[in-house]
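Peer 1: This one is structure.cif, mmCIF, C-alpha atoms.
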```cif
data_protein
#
loop_
_atom_site.label_atom_id
_atom_site.label_comp_id
_atom_site.auth_asym_id
_atom_site.auth_seq_id
_atom_site.Cartn_x
_atom_site.Cartn_y
_atom_site.Cartn_z
CA MET A 1 9.29 15.24 -27.28
CA ASP A 2 12.77 16.25 -26.18
CA PRO A 3 14.87 13.62 -24.41
CA VAL A 4 14.91 15.40 -21.05
CA SER A 5 11.15 15.64 -20.60
CA SER A 6 10.65 12.05 -21.79
CA VAL A 7 13.09 10.87 -19.12
CA ASP A 8 11.18 12.89 -16.54
CA ALA A 9 7.93 11.37 -17.73
CA THR A 10 9.19 7.81 -17.25
CA ARG A 11 10.62 8.74 -13.88
CA SER A 12 7.38 9.99 -12.36
CA GLY A 13 5.41 7.45 -14.41
CA GLY A 14 7.29 4.52 -12.90
CA VAL A 15 6.77 5.73 -9.34
CA ALA A 16 3.12 6.61 -9.98
CA ALA A 17 2.53 3.16 -11.47
CA ALA A 18 4.17 1.55 -8.41
CA VAL A 19 1.91 3.54 -6.06
CA ARG A 20 -1.16 2.64 -8.12
CA GLU A 21 -0.34 -1.07 -8.35
CA ALA A 22 1.21 -1.62 -4.91
CA GLY A 23 0.06 1.23 -2.63
CA VAL A 24 -2.57 -0.77 -0.78
CA VAL A 25 -0.15 -3.68 -0.42
CA TRP A 26 2.39 -1.30 1.16
CA LEU A 27 -0.21 -0.23 3.73
CA GLY A 28 -0.98 -3.87 4.51
CA ILE A 29 2.72 -4.66 4.88
CA PHE A 30 3.10 -1.66 7.24
CA ALA A 31 0.30 -3.10 9.42
CA LEU A 32 1.97 -6.53 9.39
CA GLY A 33 5.27 -4.85 10.33
CA VAL A 34 3.59 -3.26 13.36
CA GLY A 35 2.43 -6.72 14.43
CA PHE A 36 5.93 -8.14 13.95
CA GLY A 37 7.58 -5.29 15.89
CA ALA A 38 5.18 -5.57 18.82
CA TRP A 39 5.59 -9.34 18.93
CA ALA A 40 9.42 -9.23 18.67
CA THR A 41 9.79 -6.85 21.65
CA SER A 42 7.39 -9.01 23.66
CA GLN A 43 9.89 -11.86 23.12
CA GLY A 44 12.58 -9.82 24.88
CA LEU A 45 14.34 -8.20 21.94
CA PRO A 46 15.42 -4.54 22.41
CA TRP A 47 13.21 -2.24 20.31
CA TRP A 48 16.05 -0.81 18.19
CA LEU A 49 17.12 -4.26 17.04
CA VAL A 50 13.77 -4.99 15.36
CA PRO A 51 14.06 -2.51 12.44
CA LEU A 52 17.68 -3.66 11.90
CA ILE A 53 16.42 -7.22 11.40
CA SER A 54 13.56 -6.11 9.12
CA ALA A 55 15.82 -3.89 7.04
CA SER A 56 18.64 -6.39 6.49
CA VAL A 57 16.75 -9.68 6.04
CA LEU A 58 13.48 -8.55 4.40
CA ALA A 59 11.80 -11.96 4.53
CA GLY A 60 8.87 -11.98 6.96
CA SER A 61 8.64 -15.66 7.81
CA VAL A 62 12.40 -15.99 8.45
CA GLU A 63 12.39 -12.86 10.62
CA PHE A 64 9.77 -14.36 12.97
CA LEU A 65 11.92 -17.49 13.29
CA LEU A 66 15.13 -15.46 13.64
CA VAL A 67 13.76 -13.53 16.65
CA GLY A 68 13.03 -16.82 18.41
CA LEU A 69 16.44 -18.21 17.50
CA ILE A 70 18.30 -15.11 18.75
CA VAL A 71 16.35 -15.07 22.03
CA ALA A 72 17.17 -18.79 22.48
CA HIS A 73 20.83 -18.05 21.58
CA ALA A 74 20.76 -20.66 18.79
CA SER A 75 23.99 -21.46 16.94
CA LEU A 76 24.82 -19.64 13.70
CA VAL A 77 24.72 -22.98 11.88
CA SER A 78 21.14 -23.62 12.92
CA ILE A 79 20.22 -20.06 11.91
CA ALA A 80 21.82 -20.65 8.50
CA VAL A 81 20.06 -24.01 8.00
CA THR A 82 16.68 -22.64 9.09
CA THR A 83 16.99 -19.69 6.71
CA LEU A 84 18.10 -21.99 3.89
CA LEU A 85 15.10 -24.30 4.32
CA VAL A 86 12.46 -21.61 4.78
CA ASN A 87 13.74 -19.35 2.00
CA SER A 88 14.68 -22.07 -0.50
CA ARG A 89 11.55 -21.11 -2.46
CA HIS A 90 13.44 -18.02 -3.65
CA LEU A 91 15.59 -20.32 -5.81
CA VAL A 92 12.85 -20.36 -8.46
CA TYR A 93 11.90 -16.67 -8.26
CA GLY A 94 14.76 -15.41 -10.42
CA LEU A 95 13.54 -17.51 -13.37
CA SER A 96 10.60 -15.20 -14.00
CA PHE A 97 11.39 -11.97 -12.09
CA PRO A 98 11.84 -9.05 -14.56
CA LEU A 99 15.35 -8.09 -13.38
CA GLU A 100 16.29 -7.26 -17.00
CA ARG A 101 14.03 -4.19 -16.78
CA VAL A 102 16.28 -2.71 -14.05
CA ARG A 103 19.22 -0.65 -15.29
CA GLY A 104 22.43 -0.10 -13.37
CA ARG A 105 24.53 -2.42 -11.26
CA ARG A 106 23.56 -1.03 -7.86
CA ALA A 107 19.87 -0.93 -8.68
CA ARG A 108 20.02 -4.56 -9.84
CA LEU A 109 21.87 -5.61 -6.70
CA TYR A 110 19.16 -3.96 -4.62
CA SER A 111 16.41 -5.57 -6.71
CA VAL A 112 17.92 -9.03 -6.07
CA PHE A 113 18.31 -8.26 -2.35
CA ALA A 114 14.68 -7.10 -2.06
CA LEU A 115 13.10 -10.00 -3.98
CA CYS A 116 10.59 -11.08 -1.32
CA ASP A 117 7.34 -13.01 -1.94
CA GLU A 118 5.29 -9.83 -2.28
CA ALA A 119 7.71 -8.26 -4.79
CA TYR A 120 7.70 -11.45 -6.87
CA ALA A 121 3.90 -11.65 -6.78
CA LEU A 122 3.34 -7.97 -7.67
CA LEU A 123 5.97 -7.79 -10.41
CA THR A 124 5.37 -11.03 -12.30
CA ARG A 125 1.68 -10.40 -12.90
CA THR A 126 2.27 -8.00 -15.81
CA GLU A 127 4.27 -8.58 -18.98
CA PRO A 128 7.91 -7.55 -18.32
CA ALA A 129 7.80 -5.22 -21.36
CA ALA A 130 5.06 -3.15 -19.67
CA LEU A 131 7.25 -2.51 -16.59
CA SER A 132 9.88 0.20 -16.23
CA GLY A 133 12.98 -0.32 -14.11
CA ARG A 134 11.83 2.53 -11.90
CA GLN A 135 8.50 0.87 -11.26
CA VAL A 136 10.28 -2.35 -10.24
CA ILE A 137 12.65 -0.55 -7.83
CA ALA A 138 9.91 1.76 -6.47
CA THR A 139 7.63 -1.23 -5.80
CA GLN A 140 10.40 -3.05 -3.90
CA LEU A 141 11.52 0.08 -2.04
CA GLY A 142 7.92 0.72 -0.98
CA ILE A 143 7.63 -2.81 0.42
CA HIS A 144 10.98 -2.44 2.21
CA VAL A 145 10.19 0.97 3.75
CA SER A 146 6.67 -0.10 4.79
CA TRP A 147 7.93 -3.25 6.48
CA VAL A 148 10.79 -1.50 8.33
CA THR A 149 8.76 1.55 9.47
CA GLY A 150 5.92 -0.76 10.51
CA ALA A 151 8.31 -2.95 12.53
CA LEU A 152 9.90 0.14 14.13
CA SER A 153 6.49 1.58 15.07
CA GLY A 154 5.35 -1.72 16.52
CA ALA A 155 8.59 -2.20 18.45
CA ALA A 156 8.69 1.37 19.80
CA LEU A 157 5.02 1.75 20.65
CA GLY A 158 4.43 -1.86 21.58
CA ALA A 159 1.07 -3.51 21.20
CA VAL A 160 -0.71 -0.19 21.98
CA LEU A 161 -1.13 0.54 18.28
CA LEU A 162 -3.13 -2.56 17.50
CA ARG A 163 -4.66 -3.19 20.92
CA GLY A 164 -8.08 -4.76 20.51
CA VAL A 165 -7.81 -4.74 16.70
CA HIS A 166 -7.78 -8.20 15.17
CA GLY A 167 -7.90 -9.37 11.59
CA VAL A 168 -5.52 -6.84 9.97
CA GLY A 169 -3.16 -9.69 9.11
CA PHE A 170 -5.77 -10.98 6.68
CA VAL A 171 -4.39 -8.59 4.07
CA LEU A 172 -1.52 -10.96 3.24
CA PRO A 173 -3.60 -14.12 2.61
CA ALA A 174 -6.00 -11.92 0.61
CA LEU A 175 -3.09 -10.59 -1.46
CA PHE A 176 -1.86 -14.01 -2.52
CA VAL A 177 -5.36 -15.33 -3.27
CA VAL A 178 -6.21 -12.27 -5.40
CA LEU A 179 -2.88 -12.38 -7.24
CA ALA A 180 -3.41 -16.08 -7.96
CA LEU A 181 -6.83 -15.21 -9.45
CA ASP A 182 -5.20 -12.49 -11.58
CA ALA A 183 -2.42 -14.82 -12.71
CA TYR A 184 -5.05 -17.33 -13.82
CA ALA A 185 -7.11 -14.66 -15.61
CA SER A 186 -4.10 -13.51 -17.62
CA ARG A 187 -2.97 -17.09 -18.26
CA PRO A 188 -5.80 -19.63 -17.95
CA ASP A 189 -3.55 -22.68 -17.68
CA ARG A 190 -5.55 -25.37 -15.86
CA VAL A 191 -2.77 -27.96 -15.90
CA THR A 192 -0.41 -25.64 -14.00
CA VAL A 193 -3.14 -24.86 -11.44
CA ALA A 194 -3.91 -28.59 -11.03
CA LEU A 195 -0.18 -29.38 -10.60
CA ALA A 196 0.17 -26.56 -8.06
CA LEU A 197 -2.89 -27.66 -6.06
CA ALA A 198 -1.72 -31.27 -6.05
CA SER A 199 1.82 -30.25 -4.99
CA ALA A 200 0.46 -28.03 -2.21
CA GLY A 201 -1.93 -30.75 -1.02
CA VAL A 202 0.73 -33.46 -0.88
CA ALA A 203 3.22 -31.13 0.87
CA GLN A 204 0.59 -29.96 3.34
CA LEU A 205 -0.10 -33.59 4.30
CA ALA A 206 3.58 -34.55 4.44
CA VAL A 207 5.00 -31.53 6.32
CA PRO A 208 2.05 -29.46 7.66
CA GLY A 209 4.27 -26.98 9.49
CA SER A 210 6.49 -25.99 6.58
CA MET A 211 5.00 -27.15 3.32
CA LEU A 212 6.39 -24.46 1.00
CA PRO A 213 9.80 -25.86 -0.03
CA LEU A 214 8.39 -29.33 -0.77
CA ALA A 215 5.34 -27.94 -2.57
CA LEU A 216 7.45 -25.73 -4.86
CA GLY A 217 9.90 -28.57 -5.48
CA LEU A 218 7.06 -30.88 -6.52
CA LEU A 219 5.58 -28.11 -8.68
CA GLY A 220 8.93 -27.64 -10.46
CA VAL A 221 9.26 -31.37 -11.12
CA GLY A 222 5.63 -31.57 -12.26
CA LEU A 223 6.02 -28.69 -14.71
CA ALA A 224 9.25 -30.18 -16.10
CA VAL A 225 7.60 -33.59 -16.58
CA ARG A 226 4.61 -31.95 -18.26
CA ASP A 227 6.99 -30.11 -20.58
CA GLY A 228 8.78 -33.34 -21.47
CA THR A 229 5.55 -35.23 -22.23
CA SER A 230 3.63 -32.53 -24.10
CA PRO A 231 3.83 -32.70 -27.90
CA ARG A 232 6.42 -30.28 -29.26
CA ILE A 233 3.90 -28.50 -31.47
CA SER A 234 1.71 -27.36 -28.60
CA ARG A 235 4.59 -26.14 -26.47
CA GLY A 236 4.34 -22.60 -27.69
CA ALA A 237 0.86 -22.43 -26.21
CA TRP A 238 1.97 -22.36 -22.60
CA MET B 1 20.47 -10.09 26.58
CA THR B 2 23.10 -11.87 24.55
CA SER B 3 26.24 -10.19 23.25
CA GLY B 4 26.14 -7.63 20.49
CA TRP B 5 28.54 -9.61 18.34
CA TYR B 6 26.37 -12.71 18.48
CA VAL B 7 23.26 -10.73 17.47
CA ALA B 8 25.13 -9.01 14.62
CA ALA B 9 26.45 -12.37 13.37
CA ALA B 10 22.98 -13.94 13.63
CA ILE B 11 21.38 -11.17 11.54
CA ALA B 12 24.24 -11.24 9.02
CA THR B 13 23.85 -15.02 8.66
CA ALA B 14 20.09 -14.88 7.96
CA SER B 15 20.54 -11.90 5.64
CA GLY B 16 23.47 -13.50 3.79
CA VAL B 17 21.76 -16.84 3.21
CA THR B 18 18.57 -15.11 2.00
CA PHE B 19 20.54 -12.93 -0.44
CA ALA B 20 22.53 -15.94 -1.69
CA LEU B 21 19.30 -17.82 -2.46
CA ARG B 22 17.81 -14.84 -4.31
CA ALA B 23 21.01 -14.23 -6.27
CA GLY B 24 21.38 -17.95 -6.97
CA SER B 25 18.08 -18.00 -8.81
CA PHE B 26 19.38 -15.42 -11.30
CA LEU B 27 22.63 -17.36 -11.68
CA ALA B 28 20.51 -20.40 -12.60
CA ARG B 29 18.68 -18.35 -15.22
CA ALA B 30 21.95 -17.08 -16.68
CA LEU B 31 23.42 -20.59 -16.84
CA TRP B 32 20.40 -22.04 -18.62
CA ARG B 33 19.61 -19.01 -20.73
CA ASP B 34 19.46 -21.02 -23.95
CA SER B 35 17.33 -23.80 -22.52
CA GLY B 36 13.81 -23.88 -23.92
CA LEU B 37 12.69 -25.91 -20.90
CA VAL B 38 13.80 -23.21 -18.44
CA ALA B 39 12.19 -20.47 -20.55
CA ARG B 40 8.87 -22.33 -20.57
CA LEU B 41 9.13 -23.11 -16.84
CA ALA B 42 9.74 -19.42 -16.16
CA ARG B 43 6.52 -18.55 -18.00
CA ALA B 44 4.39 -21.10 -16.12
CA LEU B 45 5.95 -20.57 -12.67
CA PRO B 46 4.21 -17.36 -11.51
CA LEU B 47 0.73 -18.92 -11.78
CA GLY B 48 1.97 -22.12 -10.13
CA VAL B 49 3.90 -20.37 -7.34
CA LEU B 50 1.01 -17.99 -6.58
CA THR B 51 -1.42 -20.92 -6.41
CA VAL B 52 0.89 -22.68 -3.93
CA LEU B 53 1.30 -19.48 -1.86
CA ALA B 54 -2.50 -18.98 -1.87
CA VAL B 55 -3.06 -22.53 -0.58
CA TRP B 56 -0.31 -22.04 2.03
CA VAL B 57 -1.83 -18.86 3.48
CA THR B 58 -5.39 -20.23 3.29
CA ALA B 59 -4.39 -23.36 5.21
CA ARG B 60 -2.97 -21.16 7.99
CA LEU B 61 -5.96 -18.80 8.27
CA ARG B 62 -7.23 -20.28 11.54
CA GLN B 63 -3.93 -19.59 13.32
CA GLY B 64 -4.27 -16.52 15.52
CA SER B 65 -7.93 -16.09 14.63
CA VAL B 66 -10.18 -14.86 17.46
CA THR B 67 -13.28 -16.31 15.78
CA GLY B 68 -12.07 -19.85 15.12
CA GLY B 69 -11.48 -18.95 11.49
CA VAL B 70 -15.07 -17.81 10.77
CA ALA B 71 -14.15 -14.15 10.17
CA GLU B 72 -11.31 -15.19 7.86
CA ALA B 73 -13.49 -17.62 5.89
CA VAL B 74 -16.21 -15.00 5.31
CA ALA B 75 -13.57 -12.37 4.45
CA LEU B 76 -12.00 -14.74 1.92
CA VAL B 77 -15.35 -15.22 0.14
CA VAL B 78 -15.92 -11.43 0.16
CA THR B 79 -12.42 -10.83 -1.22
CA VAL B 80 -12.93 -13.27 -4.10
CA LEU B 81 -16.44 -11.94 -4.93
CA VAL B 82 -15.33 -8.28 -4.86
CA HIS B 83 -12.35 -9.15 -7.02
CA ARG B 84 -14.48 -10.98 -9.59
CA TRP B 85 -16.82 -7.99 -9.61
CA ARG B 86 -14.32 -5.11 -9.98
CA HIS B 87 -10.93 -6.73 -10.73
CA HIS B 88 -9.22 -4.09 -8.63
CA LEU B 89 -6.45 -5.35 -6.32
CA GLY B 90 -6.66 -2.52 -3.78
CA LEU B 91 -10.46 -2.56 -3.52
CA SER B 92 -10.52 -6.35 -3.01
CA LEU B 93 -7.86 -6.19 -0.27
CA VAL B 94 -9.55 -3.31 1.57
CA ALA B 95 -12.99 -4.96 1.37
CA GLY B 96 -11.75 -8.37 2.53
CA THR B 97 -9.55 -7.03 5.33
CA GLY B 98 -12.30 -4.62 6.45
CA VAL B 99 -14.78 -7.49 6.75
CA CYS B 100 -12.18 -9.56 8.65
CA VAL B 101 -11.43 -6.74 11.13
CA ALA B 102 -15.16 -6.01 11.62
CA LEU B 103 -16.10 -9.65 12.22
CA SER B 104 -13.05 -10.17 14.48
CA SER B 105 -14.33 -7.45 16.80
CA VAL B 106 -17.64 -9.30 17.36
CA PRO B 107 -16.41 -11.64 20.17
CA ALA B 108 -15.08 -8.66 22.19
CA LEU B 109 -18.39 -6.81 21.74
CA LEU B 110 -20.35 -9.83 22.93
CA HIS B 111 -18.19 -10.42 25.99
CA GLY B 112 -17.17 -6.94 26.93
#
```
Could the structure of this file be written out as structure tokens, please?
Peer 2:
Amino acid sequence: MDPVSSVDATRSGGVAAAVREAGVVWLGIFALGVGFGAWATSQGLPWWLVPLISASVLAGSVEFLLVGLIVAHASLVSIAVTTLLVNSRHLVYGLSFPLERVRGRRARLYSVFALCDEAYALLTRTEPAALSGRQVIATQLGIHVSWVTGALSGAALGAVLLRGVHGVGFVLPALFVVLALDAYASRPDRVTVALALASAGVAQLAVPGSMLPLALGLLGVGLAVRDGTSPRISRGAW
Amino acid sequence: MTSGWYVAAAIATASGVTFALRAGSFLARALWRDSGLVARLARALPLGVLTVLAVWVTARLRQGSVTGGVAEAVALVVTVLVHRWRHHLGLSLVAGTGVCVALSSVPALLHG
């Protein structure tokens, strides 16, 4: 195969793989974006501001909070602290995200910028070697575009789009549950699951409203302690 | 509405902090590149993080539900069963969300 056509093959292959693996998730994220846009304008935000927020922050939970904070004219310090607490879970994402598959400085910068929960979940479920840089970027770009166009549609058309339709938001819980099942199937590690369930349970009891940062902190500590106490010979197994 | 500069600064703050956290995680990986502990943590983290995220979203299912969480609970069971049957991400999501939307329309049908 000559070099040119092999490059073309990887190009279209990466995008096709992204559509195959993430297409339905993009549709779900578009629907969630519509809900976010409709809700944000109902809070008093001008419609054109909503896609600007979605495009530049790209972190759903923080964007919902940010709309409330802007409407209440909260200080920049409280916006910074809120974002820091809610998004602190991203501090562990880089440890396993396949950024090394992405070539080029600008592409890598974008990949880091667009590392949301959904991108992490979709792109850490396969072995990094099986991913192309194009598939990584296409997956993230698809999430980004779906979220922003969804938010714009919801903000411009208001709640008309989803009037009387409930339950579309279920796609996100379903996504994380299914991806957790897949992660277990490809790596049946019961100790990690038990540590994660225990961390989530404790955090849910301690801070019901915002359990994620504590749960992931406990999980990190638990995994490190497990690593320290497991016999060296078995370490390669997990 | 508040001033344009305030809104621009607010968005820039949330965006900047989010990017710093995401970039910081790669800095951590670069700093501890030779650590066996970090390498093993990185391999175990996706399963652990996804389990935590799954618990987080499941615990919040009743919020915003028009059926007191019944539609979501049934849809969750359907999602898991379809996924164990076919192991196809898209099919499982469409089946589960379809069931949730269908069941969520029941109260309106009964009362309207």
Peer 1: Do you have the atom CA of A:Val50-atom CA of A:Ser88 distance handy?
Peer 2: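 Atom CA of A:Ser88 lies 23.3 Å from atom CA of A:Val50.
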Peer 1: Please report as JSON lines every residue of chain A lying within 7 Å of chain B, along with the nearest atom pair and their distance in Å (one decimal), using only C-alpha atoms.
Peer 2:
```
{"residue": "A:Val24", "atom": "CA", "partner": "B:Gly90", "partner_atom": "CA", "distance": 5.4}
{"residue": "A:Ile53", "atom": "CA", "partner": "B:Ile11", "partner_atom": "CA", "distance": 6.3}
{"residue": "A:Ser56", "atom": "CA", "partner": "B:Ser15", "partner_atom": "CA", "distance": 5.9}
{"residue": "A:Val57", "atom": "CA", "partner": "B:Ser15", "partner_atom": "CA", "distance": 4.4}
{"residue": "A:Ile70", "atom": "CA", "partner": "B:Val7", "partner_atom": "CA", "distance": 6.7}
{"residue": "A:Leu76", "atom": "CA", "partner": "B:Ala10", "partner_atom": "CA", "distance": 6.0}
{"residue": "A:Ile79", "atom": "CA", "partner": "B:Ala14", "partner_atom": "CA", "distance": 6.5}
{"residue": "A:Ala80", "atom": "CA", "partner": "B:Thr13", "partner_atom": "CA", "distance": 6.0}
{"residue": "A:Thr83", "atom": "CA", "partner": "B:Ala14", "partner_atom": "CA", "distance": 5.9}
{"residue": "A:Leu84", "atom": "CA", "partner": "B:Val17", "partner_atom": "CA", "distance": 6.4}
{"residue": "A:Asn87", "atom": "CA", "partner": "B:Thr18", "partner_atom": "CA", "distance": 6.4}
{"residue": "A:Ser88", "atom": "CA", "partner": "B:Leu21", "partner_atom": "CA", "distance": 6.6}
{"residue": "A:His90", "atom": "CA", "partner": "B:Arg22", "partner_atom": "CA", "distance": 5.4}
{"residue": "A:Leu91", "atom": "CA", "partner": "B:Ser25", "partner_atom": "CA", "distance": 4.5}
{"residue": "A:Val92", "atom": "CA", "partner": "B:Ser25", "partner_atom": "CA", "distance": 5.7}
{"residue": "A:Tyr93", "atom": "CA", "partner": "B:Ser25", "partner_atom": "CA", "distance": 6.3}
{"residue": "A:Gly94", "atom": "CA", "partner": "B:Ser25", "partner_atom": "CA", "distance": 4.5}
{"residue": "A:Leu95", "atom": "CA", "partner": "B:Ala42", "partner_atom": "CA", "distance": 5.1}
{"residue": "A:Ser96", "atom": "CA", "partner": "B:Ala42", "partner_atom": "CA", "distance": 4.8}
{"residue": "A:Val112", "atom": "CA", "partner": "B:Ala23", "partner_atom": "CA", "distance": 6.1}
{"residue": "A:Phe113", "atom": "CA", "partner": "B:Phe19", "partner_atom": "CA", "distance": 5.5}
{"residue": "A:Leu115", "atom": "CA", "partner": "B:Arg22", "partner_atom": "CA", "distance": 6.8}
{"residue": "A:Ala121", "atom": "CA", "partner": "B:Leu50", "partner_atom": "CA", "distance": 7.0}
{"residue": "A:Thr124", "atom": "CA", "partner": "B:Pro46", "partner_atom": "CA", "distance": 6.5}
{"residue": "A:Val165", "atom": "CA", "partner": "B:Val101", "partner_atom": "CA", "distance": 6.9}
{"residue": "A:His166", "atom": "CA", "partner": "B:Val101", "partner_atom": "CA", "distance": 5.6}
{"residue": "A:Gly167", "atom": "CA", "partner": "B:Val101", "partner_atom": "CA", "distance": 4.4}
{"residue": "A:Val168", "atom": "CA", "partner": "B:Val101", "partner_atom": "CA", "distance": 6.0}
{"residue": "A:Phe170", "atom": "CA", "partner": "B:Thr97", "partner_atom": "CA", "distance": 5.6}
{"residue": "A:Val171", "atom": "CA", "partner": "B:Thr97", "partner_atom": "CA", "distance": 5.5}
{"residue": "A:Pro173", "atom": "CA", "partner": "B:Val57", "partner_atom": "CA", "distance": 5.1}
{"residue": "A:Ala174", "atom": "CA", "partner": "B:Leu93", "partner_atom": "CA", "distance": 6.1}
{"residue": "A:Leu175", "atom": "CA", "partner": "B:Leu93", "partner_atom": "CA", "distance": 6.6}
{"residue": "A:Phe176", "atom": "CA", "partner": "B:Ala54", "partner_atom": "CA", "distance": 5.1}
{"residue": "A:Val177", "atom": "CA", "partner": "B:Ala54", "partner_atom": "CA", "distance": 4.8}
{"residue": "A:Val178", "atom": "CA", "partner": "B:Val80", "partner_atom": "CA", "distance": 6.9}
{"residue": "A:Leu179", "atom": "CA", "partner": "B:Leu50", "partner_atom": "CA", "distance": 6.9}
{"residue": "A:Ala180", "atom": "CA", "partner": "B:Leu50", "partner_atom": "CA", "distance": 5.0}
{"residue": "A:Ala183", "atom": "CA", "partner": "B:Leu47", "partner_atom": "CA", "distance": 5.3}
{"residue": "A:Tyr184", "atom": "CA", "partner": "B:Leu47", "partner_atom": "CA", "distance": 6.3}
{"residue": "A:Thr192", "atom": "CA", "partner": "B:Gly48", "partner_atom": "CA", "distance": 5.7}
{"residue": "A:Val193", "atom": "CA", "partner": "B:Gly48", "partner_atom": "CA", "distance": 5.9}
{"residue": "A:Ala196", "atom": "CA", "partner": "B:Gly48", "partner_atom": "CA", "distance": 5.2}
{"residue": "A:Leu197", "atom": "CA", "partner": "B:Val52", "partner_atom": "CA", "distance": 6.6}
{"residue": "A:Ala200", "atom": "CA", "partner": "B:Val52", "partner_atom": "CA", "distance": 5.6}
{"residue": "A:Leu216", "atom": "CA", "partner": "B:Val49", "partner_atom": "CA", "distance": 6.9}
{"residue": "A:Leu223", "atom": "CA", "partner": "B:Leu41", "partner_atom": "CA", "distance": 6.7}
```
Peer 1: Report, in Å with one decimal, the straight-line distance from atom CA of A:Ile29 to atom CA of A:Leu45.
Peer 2: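 Between atom CA of A:Ile29 and atom CA of A:Leu45 the gap works out to 20.9 Å.
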Peer 1: Suppose you want the space between atom CA of A:Trp47 and atom CA of A:Ala155; what is it in Å?
Peer 2: 5.0 Å
Peer 1: Please evaluate the PyMOL selection byres ((chain A and resi 41) around 12) against the displayed coordinates and give the resulting residues as a short mmCIF file (atom, residue, chain, number, x, y, z; two decimals) with C-alpha atoms, in the coordinates of the input.
Peer 2:
```cif
data_model
loop_
_atom_site.label_atom_id
_atom_site.label_comp_id
_atom_site.auth_asym_id
_atom_site.auth_seq_id
_atom_site.Cartn_x
_atom_site.Cartn_y
_atom_site.Cartn_z
CA VAL A 34 3.59 -3.26 13.36
CA GLY A 35 2.43 -6.72 14.43
CA PHE A 36 5.93 -8.14 13.95
CA GLY A 37 7.58 -5.29 15.89
CA ALA A 38 5.18 -5.57 18.82
CA TRP A 39 5.59 -9.34 18.93
CA ALA A 40 9.42 -9.23 18.67
CA SER A 42 7.39 -9.01 23.66
CA GLN A 43 9.89 -11.86 23.12
CA GLY A 44 12.58 -9.82 24.88
CA LEU A 45 14.34 -8.20 21.94
CA PRO A 46 15.42 -4.54 22.41
CA TRP A 47 13.21 -2.24 20.31
CA TRP A 48 16.05 -0.81 18.19
CA LEU A 49 17.12 -4.26 17.04
CA VAL A 50 13.77 -4.99 15.36
CA PRO A 51 14.06 -2.51 12.44
CA PHE A 64 9.77 -14.36 12.97
CA VAL A 67 13.76 -13.53 16.65
CA GLY A 68 13.03 -16.82 18.41
CA VAL A 71 16.35 -15.07 22.03
CA ALA A 151 8.31 -2.95 12.53
CA LEU A 152 9.90 0.14 14.13
CA SER A 153 6.49 1.58 15.07
CA GLY A 154 5.35 -1.72 16.52
CA ALA A 155 8.59 -2.20 18.45
CA ALA A 156 8.69 1.37 19.80
CA LEU A 157 5.02 1.75 20.65
CA GLY A 158 4.43 -1.86 21.58
CA ALA A 159 1.07 -3.51 21.20
#
```
Peer 1: List as a list in words the protein and nucleic acid residues near A:Pro128, meaning an atom at most 9 Å away when all atoms listed in the file are counted, but skip any in the same chain fewer than 5 places from it.
Peer 2: Phe97, Pro98, Leu99, Glu100, Arg101 and Leu123 of chain A
Peer 1: Just want the 9 Å neighbourhood of A:Gln204, counted on all atoms listed in the file, with same-chain residues fewer than 6 positions away dropped. Output as a list of chain:residue names.
Peer 2: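 Those residues are A:Ser210, A:Met211, A:Leu212, A:Leu214, A:Ala215, B:Trp56, B:Ala59.
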Peer 1: Please produce an output containing C-alpha atoms for each residue in the selection, written as a short mmCIF file (atom, residue, chain, number, x, y, z; two decimals), in the coordinates of the input.
Peer 2:
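And here's again04.cif as it stands now:
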```cif
data_model
loop_
_atom_site.label_atom_id
_atom_site.label_comp_id
_atom_site.auth_asym_id
_atom_site.auth_seq_id
_atom_site.Cartn_x
_atom_site.Cartn_y
_atom_site.Cartn_z
CA SER A 210 6.49 -25.99 6.58
CA MET A 211 5.00 -27.15 3.32
CA LEU A 212 6.39 -24.46 1.00
CA LEU A 214 8.39 -29.33 -0.77
CA ALA A 215 5.34 -27.94 -2.57
CA TRP B 56 -0.31 -22.04 2.03
CA ALA B 59 -4.39 -23.36 5.21
#
```
